[in-house]
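A.B. asks: Pasting in a structure now, in structure tokens, and then I'll have a few things to ask.
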Amino acid sequence: MKGSLRPVATPLLPVAISLAAGIVVGCWPGTGTVVAALLLTVIVGWLLRRHALAQGLCGLLAVFMAGMLLSPDDGQGVPDGQWTEAVVASAPAEKPKTMMAELLLTATGERRRCYIWKEEGSRQLRLGDNLLVRISEHQFVRHGDWRRGGNGWSTISSWQRVRIKALALRSRLLQRLKVNGDDEEAEALIAAMVLGDKSALTPQQRNRFSVTGASHVLALSGLHLSIIYLLLTRLMLGRRRFWLSQVAVVLTIWAYALLTGLPTSLVRAATMISVYSLFQVGGRSHAPLGVLSFTAIVMLVVDSSALYDVGFQLSFMAMLAILLFVPLMESLWSGHWLMEHRVLRWLLSMLTVTVAAQIGTAPLVAYYFGRFSTWFLLTNLVVLPLTMLILYAALAALLWPALTVVATALVRVMSGALEMIATWPLASVEGLHPSVLQVALCYVAAGAFYVVLTYSRASARCR
């Protein structure tokens, strides 16, 4: 008998979609009109409280209006050419002619990646330094357009200070992973895969991972956090106080996310793990799609501009596709047969997750990067097991630096395999530039395919 398959539904998913749609349409003028429409919608929903469908539609419309109010305002930035106080908010990375660093502008709280002309003074910049800078249109800061000074550090929030101190700790940990000075490429990959520091990656390395469809390995995401979560839960196994072990796991997960700079994809994964652990402690069942929707709502309410972050879009679409399509594909095989063939079950699980994630991210990758990697299945069969081994070896190396040799050897194996795959014929289809409408239609088609196939299989079983 094949695995069970039921249409996936959650009341929070339409809420998350309505909120995101409202943020996108938030460019509509007239905030007062939006507030009035929001109040009118709530009143109408209350009057129609006995009609479930009408009340539900009014509720979604209210969420849509709230999303419009949350839409970020792009007109609050520091004007180009104006002097302003700033704090160095990322470890400066040396480029051929500049020092690249992320500056936190204290006047508005915005972050800007700037390229400061390389000289003796800029080479000595460190995390948390106070600067006075003249912002330029192209983010290039020339000699004479910056100097040390100001009171930026004392004016930023305590949370920003914690983030900068966490990044400073990351810089010290990265030094523990550098024991082979003659292999800078391997060190750069380890730094990116383990602690999220991609500043030392070369254009050739980035292109190699992009062409083969392995870029998700460089961007810290749910893959990395799930590996760490699996390790932590196994270490906590057998503890009598289950709730205490879950608290320790969640705190460790968030400490790791803070240490890596809180990338959007990692925040999404950490939030989902936190909610999952809360359900585990309470002994309650949970709907993964509902947890994903709740995570999206929380992140958009806290920072609506995250919706326009490429990492946010790729992370949520990949996870959404995995939750929808993996059960659909797993239902093609008998559960009893899979239990008897554990190796094949592990292989099929990896393949189904890879295909599902590709369905969710391929339109966005084509839109933003203009390519489609044709060997993505083979690539992931190589990089996923190696990523787990590299991550475990590198985390162990933070305690015992001698183990960095093991992580470096594994990274070399991965790089060699990807370099070979990148040279194969039609490794990547280039020149793809779909419009926003075409990307939206791709997702509509994928959703329609899911609904039709799910209900057709459910009907076939009922006969």
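So you can find residues: chains in the structure tokens are A, B, ... in the order shown, residues in each start at 1, and ligands are numbered from 1 in order.
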Check the DSSP output for the backbone and give back, as an MDAnalysis selection string, the residues of stretch 254-310 of chain A in helix (DSSP H, G or I).

C.D. replies: chainID A and resid 254:259 264:282 288:302 304:308 310

A.B. asks: Please produce a file of those selected residues containing N, CA and C atoms, as a CSV table (one decimal), in the first residue's frame.

C.D. replies:
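Contents of the output file out07.csv:
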```csv
chain,number,residue,atom,x,y,z
A,254,TRP,N,20.0,29.7,17.8
A,254,TRP,CA,19.9,31.2,17.7
A,254,TRP,C,21.3,31.8,17.9
A,255,ALA,N,22.1,31.3,18.8
A,255,ALA,CA,23.5,31.8,19.0
A,255,ALA,C,24.3,31.6,17.7
A,256,TYR,N,24.1,30.5,17.0
A,256,TYR,CA,24.8,30.2,15.8
A,256,TYR,C,24.3,31.2,14.7
A,257,ALA,N,23.0,31.4,14.6
A,257,ALA,CA,22.4,32.4,13.6
A,257,ALA,C,23.0,33.8,13.9
A,258,LEU,N,23.1,34.2,15.1
A,258,LEU,CA,23.6,35.5,15.5
A,258,LEU,C,25.1,35.6,15.1
A,259,LEU,N,25.8,34.5,15.3
A,259,LEU,CA,27.2,34.5,15.0
A,259,LEU,C,27.5,34.6,13.5
A,264,THR,N,18.8,36.0,6.2
A,264,THR,CA,17.4,35.8,6.2
A,264,THR,C,17.0,34.3,6.2
A,265,SER,N,17.7,33.5,5.4
A,265,SER,CA,17.4,32.1,5.3
A,265,SER,C,17.6,31.4,6.6
A,266,LEU,N,18.6,31.8,7.3
A,266,LEU,CA,18.9,31.1,8.6
A,266,LEU,C,17.9,31.6,9.7
A,267,VAL,N,17.5,32.8,9.6
A,267,VAL,CA,16.4,33.3,10.6
A,267,VAL,C,15.1,32.5,10.3
A,268,ARG,N,14.8,32.3,9.1
A,268,ARG,CA,13.6,31.5,8.7
A,268,ARG,C,13.7,30.1,9.3
A,269,ALA,N,14.9,29.4,9.1
A,269,ALA,CA,15.0,28.1,9.6
A,269,ALA,C,15.0,28.0,11.2
A,270,ALA,N,15.7,29.0,11.8
A,270,ALA,CA,15.8,29.1,13.3
A,270,ALA,C,14.4,29.3,13.9
A,271,THR,N,13.6,30.1,13.2
A,271,THR,CA,12.2,30.4,13.7
A,271,THR,C,11.4,29.1,13.6
A,272,MET,N,11.5,28.4,12.5
A,272,MET,CA,10.7,27.2,12.4
A,272,MET,C,11.1,26.1,13.4
A,273,ILE,N,12.4,26.0,13.6
A,273,ILE,CA,12.9,25.0,14.6
A,273,ILE,C,12.4,25.4,16.0
A,274,SER,N,12.4,26.7,16.3
A,274,SER,CA,11.9,27.2,17.6
A,274,SER,C,10.5,26.8,17.8
A,275,VAL,N,9.6,27.1,16.8
A,275,VAL,CA,8.2,26.7,16.9
A,275,VAL,C,8.0,25.2,17.0
A,276,TYR,N,8.8,24.5,16.2
A,276,TYR,CA,8.7,23.0,16.2
A,276,TYR,C,9.1,22.5,17.6
A,277,SER,N,10.1,23.1,18.2
A,277,SER,CA,10.5,22.6,19.6
A,277,SER,C,9.5,23.0,20.6
A,278,LEU,N,8.8,24.1,20.4
A,278,LEU,CA,7.7,24.5,21.3
A,278,LEU,C,6.6,23.5,21.3
A,279,PHE,N,6.2,23.0,20.1
A,279,PHE,CA,5.2,22.0,20.0
A,279,PHE,C,5.7,20.7,20.6
A,280,GLN,N,6.9,20.4,20.4
A,280,GLN,CA,7.5,19.2,21.0
A,280,GLN,C,7.4,19.2,22.5
A,281,VAL,N,7.8,20.3,23.1
A,281,VAL,CA,7.7,20.4,24.6
A,281,VAL,C,6.3,20.3,25.1
A,282,GLY,N,5.3,20.9,24.3
A,282,GLY,CA,3.9,20.9,24.7
A,282,GLY,C,3.2,19.6,24.4
A,288,PRO,N,3.6,21.4,9.4
A,288,PRO,CA,4.8,22.1,8.9
A,288,PRO,C,4.5,23.3,8.0
A,289,LEU,N,3.5,23.2,7.2
A,289,LEU,CA,3.1,24.3,6.3
A,289,LEU,C,2.6,25.5,7.2
A,290,GLY,N,1.9,25.2,8.3
A,290,GLY,CA,1.4,26.3,9.2
A,290,GLY,C,2.6,26.9,9.9
A,291,VAL,N,3.6,26.2,10.3
A,291,VAL,CA,4.8,26.7,10.9
A,291,VAL,C,5.5,27.6,9.9
A,292,LEU,N,5.6,27.2,8.7
A,292,LEU,CA,6.3,28.0,7.6
A,292,LEU,C,5.5,29.3,7.4
A,293,SER,N,4.2,29.3,7.4
A,293,SER,CA,3.4,30.5,7.2
A,293,SER,C,3.5,31.4,8.3
A,294,PHE,N,3.5,30.8,9.5
A,294,PHE,CA,3.6,31.7,10.8
A,294,PHE,C,5.0,32.4,10.8
A,295,THR,N,6.0,31.6,10.4
A,295,THR,CA,7.4,32.2,10.3
A,295,THR,C,7.4,33.4,9.3
A,296,ALA,N,6.8,33.2,8.2
A,296,ALA,CA,6.8,34.3,7.2
A,296,ALA,C,6.0,35.5,7.7
A,297,ILE,N,4.9,35.3,8.4
A,297,ILE,CA,4.1,36.4,8.9
A,297,ILE,C,4.9,37.2,10.0
A,298,VAL,N,5.6,36.5,10.9
A,298,VAL,CA,6.4,37.1,11.9
A,298,VAL,C,7.5,37.9,11.3
A,299,MET,N,8.3,37.3,10.3
A,299,MET,CA,9.4,38.0,9.7
A,299,MET,C,9.0,39.3,9.0
A,300,LEU,N,7.8,39.2,8.3
A,300,LEU,CA,7.3,40.3,7.5
A,300,LEU,C,6.8,41.4,8.4
A,301,VAL,N,6.2,41.1,9.5
A,301,VAL,CA,5.7,42.1,10.4
A,301,VAL,C,6.9,42.8,11.1
A,302,VAL,N,7.9,42.1,11.4
A,302,VAL,CA,9.1,42.7,12.1
A,302,VAL,C,9.9,43.5,11.1
A,304,SER,N,9.3,44.4,7.0
A,304,SER,CA,8.6,44.1,5.7
A,304,SER,C,9.5,44.2,4.5
A,305,SER,N,10.7,44.9,4.7
A,305,SER,CA,11.6,44.9,3.6
A,305,SER,C,12.3,43.6,3.3
A,306,ALA,N,12.2,42.6,4.2
A,306,ALA,CA,12.7,41.3,4.0
A,306,ALA,C,12.1,40.6,2.8
A,307,LEU,N,10.9,41.0,2.4
A,307,LEU,CA,10.2,40.4,1.3
A,307,LEU,C,10.9,40.6,0.0
A,308,TYR,N,11.7,41.7,-0.1
A,308,TYR,CA,12.4,42.0,-1.3
A,308,TYR,C,13.9,41.4,-1.3
A,310,VAL,N,16.5,38.6,-1.8
A,310,VAL,CA,16.5,37.4,-2.6
A,310,VAL,C,16.6,36.1,-1.8
```

A.B. asks: Identify, on the basis of only C-alpha atoms, every residue whose closest approach to A:Glu185 does not exceed 12 Å; exclude the query and any residue fewer than 5 positions from it along the same chain; express the result as a list in words.

C.D. replies: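 In the requested form, the answer reads Lys178, Asn180, Ile190, Ala191, Ala192, Lys198, Ser199, Ala200, Leu201, Thr202, Pro203, Gln204, Gln205, Arg206, Thr408, Ala409, Val411, Arg412, Met414, Ser415 and Gly416 of chain A.
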
A.B. asks: Would you write out those residues with N, CA and C atoms, as a CSV table (one decimal), in the first residue's frame?

C.D. replies:
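Generated file (part.csv):
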```csv
chain,number,residue,atom,x,y,z
A,178,LYS,N,42.1,28.7,10.0
A,178,LYS,CA,43.2,29.0,9.0
A,178,LYS,C,44.5,28.4,9.5
A,180,ASN,N,46.1,26.2,7.1
A,180,ASN,CA,46.9,26.0,5.8
A,180,ASN,C,46.9,27.3,5.0
A,190,ILE,N,35.4,27.1,3.4
A,190,ILE,CA,35.1,26.7,4.8
A,190,ILE,C,34.4,27.9,5.5
A,191,ALA,N,35.0,29.1,5.4
A,191,ALA,CA,34.5,30.2,6.0
A,191,ALA,C,33.1,30.5,5.6
A,192,ALA,N,32.8,30.4,4.3
A,192,ALA,CA,31.4,30.6,3.8
A,192,ALA,C,30.4,29.6,4.2
A,198,LYS,N,31.5,35.2,3.2
A,198,LYS,CA,31.8,34.9,1.8
A,198,LYS,C,32.7,36.0,1.2
A,199,SER,N,33.3,36.8,2.0
A,199,SER,CA,34.1,38.0,1.5
A,199,SER,C,35.3,37.5,0.8
A,200,ALA,N,35.9,36.3,1.1
A,200,ALA,CA,37.1,35.9,0.5
A,200,ALA,C,36.9,35.0,-0.7
A,201,LEU,N,35.6,34.7,-1.0
A,201,LEU,CA,35.4,33.9,-2.2
A,201,LEU,C,35.8,34.6,-3.5
A,202,THR,N,36.4,33.9,-4.4
A,202,THR,CA,36.8,34.4,-5.7
A,202,THR,C,35.6,34.4,-6.7
A,203,PRO,N,35.6,35.2,-7.7
A,203,PRO,CA,34.5,35.1,-8.7
A,203,PRO,C,34.5,33.7,-9.4
A,204,GLN,N,35.6,33.1,-9.5
A,204,GLN,CA,35.6,31.8,-10.1
A,204,GLN,C,34.9,30.7,-9.3
A,205,GLN,N,35.1,30.8,-7.9
A,205,GLN,CA,34.4,29.9,-7.0
A,205,GLN,C,32.9,30.1,-7.1
A,206,ARG,N,32.5,31.4,-7.0
A,206,ARG,CA,31.1,31.7,-7.0
A,206,ARG,C,30.4,31.2,-8.3
A,408,THR,N,39.5,20.7,5.2
A,408,THR,CA,40.1,21.2,3.9
A,408,THR,C,40.2,20.1,2.9
A,409,ALA,N,40.5,18.9,3.3
A,409,ALA,CA,40.5,17.8,2.3
A,409,ALA,C,39.2,17.6,1.7
A,411,VAL,N,36.7,19.7,1.4
A,411,VAL,CA,36.4,20.9,0.5
A,411,VAL,C,37.1,20.7,-0.8
A,412,ARG,N,38.3,20.3,-0.8
A,412,ARG,CA,39.0,20.0,-2.1
A,412,ARG,C,38.3,19.0,-2.9
A,414,MET,N,35.1,18.4,-2.9
A,414,MET,CA,33.9,19.0,-3.4
A,414,MET,C,34.2,19.9,-4.5
A,415,SER,N,35.2,20.8,-4.4
A,415,SER,CA,35.6,21.7,-5.4
A,415,SER,C,36.0,21.0,-6.7
A,416,GLY,N,36.8,19.9,-6.6
A,416,GLY,CA,37.2,19.1,-7.8
A,416,GLY,C,36.0,18.5,-8.5
```

A.B. asks: Please report the interatomic distance between atom CA of A:Glu119 and atom CA of A:Ala107 in Å with one decimal.

C.D. replies: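 If I compute the distance from atom CA of A:Glu119 to atom CA of A:Ala107, I get 26.6 Å.
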
A.B. asks: Excluding A:Leu167 and residues on its chain fewer than 6 positions from it, collect all residues at most 9 Å away from it, counting only C-alpha atoms, and give them as number ranges by chain.

C.D. replies: A: 89-91, 127, 258-261

A.B. asks: Could you dump the residues just selected with C-alpha atoms as an mmCIF file, in the first residue's frame?

C.D. replies:
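Wrote selection07.cif, looks like this:
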```cif
data_model
loop_
_atom_site.group_PDB
_atom_site.id
_atom_site.type_symbol
_atom_site.label_atom_id
_atom_site.label_comp_id
_atom_site.auth_asym_id
_atom_site.auth_seq_id
_atom_site.Cartn_x
_atom_site.Cartn_y
_atom_site.Cartn_z
ATOM 1 C CA ALA A 89 29.232 46.686 10.753
ATOM 2 C CA SER A 90 31.129 43.923 8.927
ATOM 3 C CA ALA A 91 34.708 42.710 8.863
ATOM 4 C CA LEU A 127 34.444 46.072 13.289
ATOM 5 C CA LEU A 258 23.618 35.506 15.463
ATOM 6 C CA LEU A 259 27.240 34.466 15.019
ATOM 7 C CA THR A 260 26.781 34.174 11.256
ATOM 8 C CA GLY A 261 25.182 37.612 10.884
#
```

A.B. asks: Quick one: everything within 12 Å of A:Gly128, counting only C-alpha atoms, minus sequence neighbours fewer than 6 positions away in the same chain. Send it as number ranges by chain.

C.D. replies: A: 86-92, 101-104, 148-154, 156, 160-168

A.B. asks: For a quick check of understanding, using only C-alpha atoms, which of A:Leu230, A:Leu70, A:Val353, A:Val141 has the smallest distance to A:Ala21?

C.D. replies: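 When distances to A:Ala21 are compared using only C-alpha atoms, the smallest one comes from A:Leu70.
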
A.B. asks: What does the structure give for the distance between atom CA of A:Val133 and atom CA of A:Pro96, in Å to one decimal?

C.D. replies: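 Those two atoms sit 21.2 Å apart.
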
A.B. asks: Looking at A:Asn207, A:Ala446, A:Leu453, A:Ala93, which one is nearest to A:Met317, with distances taken over only C-alpha atoms?

C.D. replies: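 Smallest distance to A:Met317 is found for A:Ala446.
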
A.B. asks: Env of A:Leu177: 7 Å cut, atoms = only C-alpha atoms, seq-sep filter 3 positions within chain, self excluded. Answer as a PyMOL selection string.

C.D. replies: chain A and resi 173-174+397-398+401+404

A.B. asks: Name the residues in contact with A:Gly370 at a cut-off of 7 Å, using only C-alpha atoms, excluding same-chain residues fewer than 4 positions from it; report them as a list of chain:residue names.

C.D. replies: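 Skipping anything fewer than 4 positions along the chain leaves A:Val365, A:Ala366, A:Glu430, A:Gly431, A:Leu432, A:His433.
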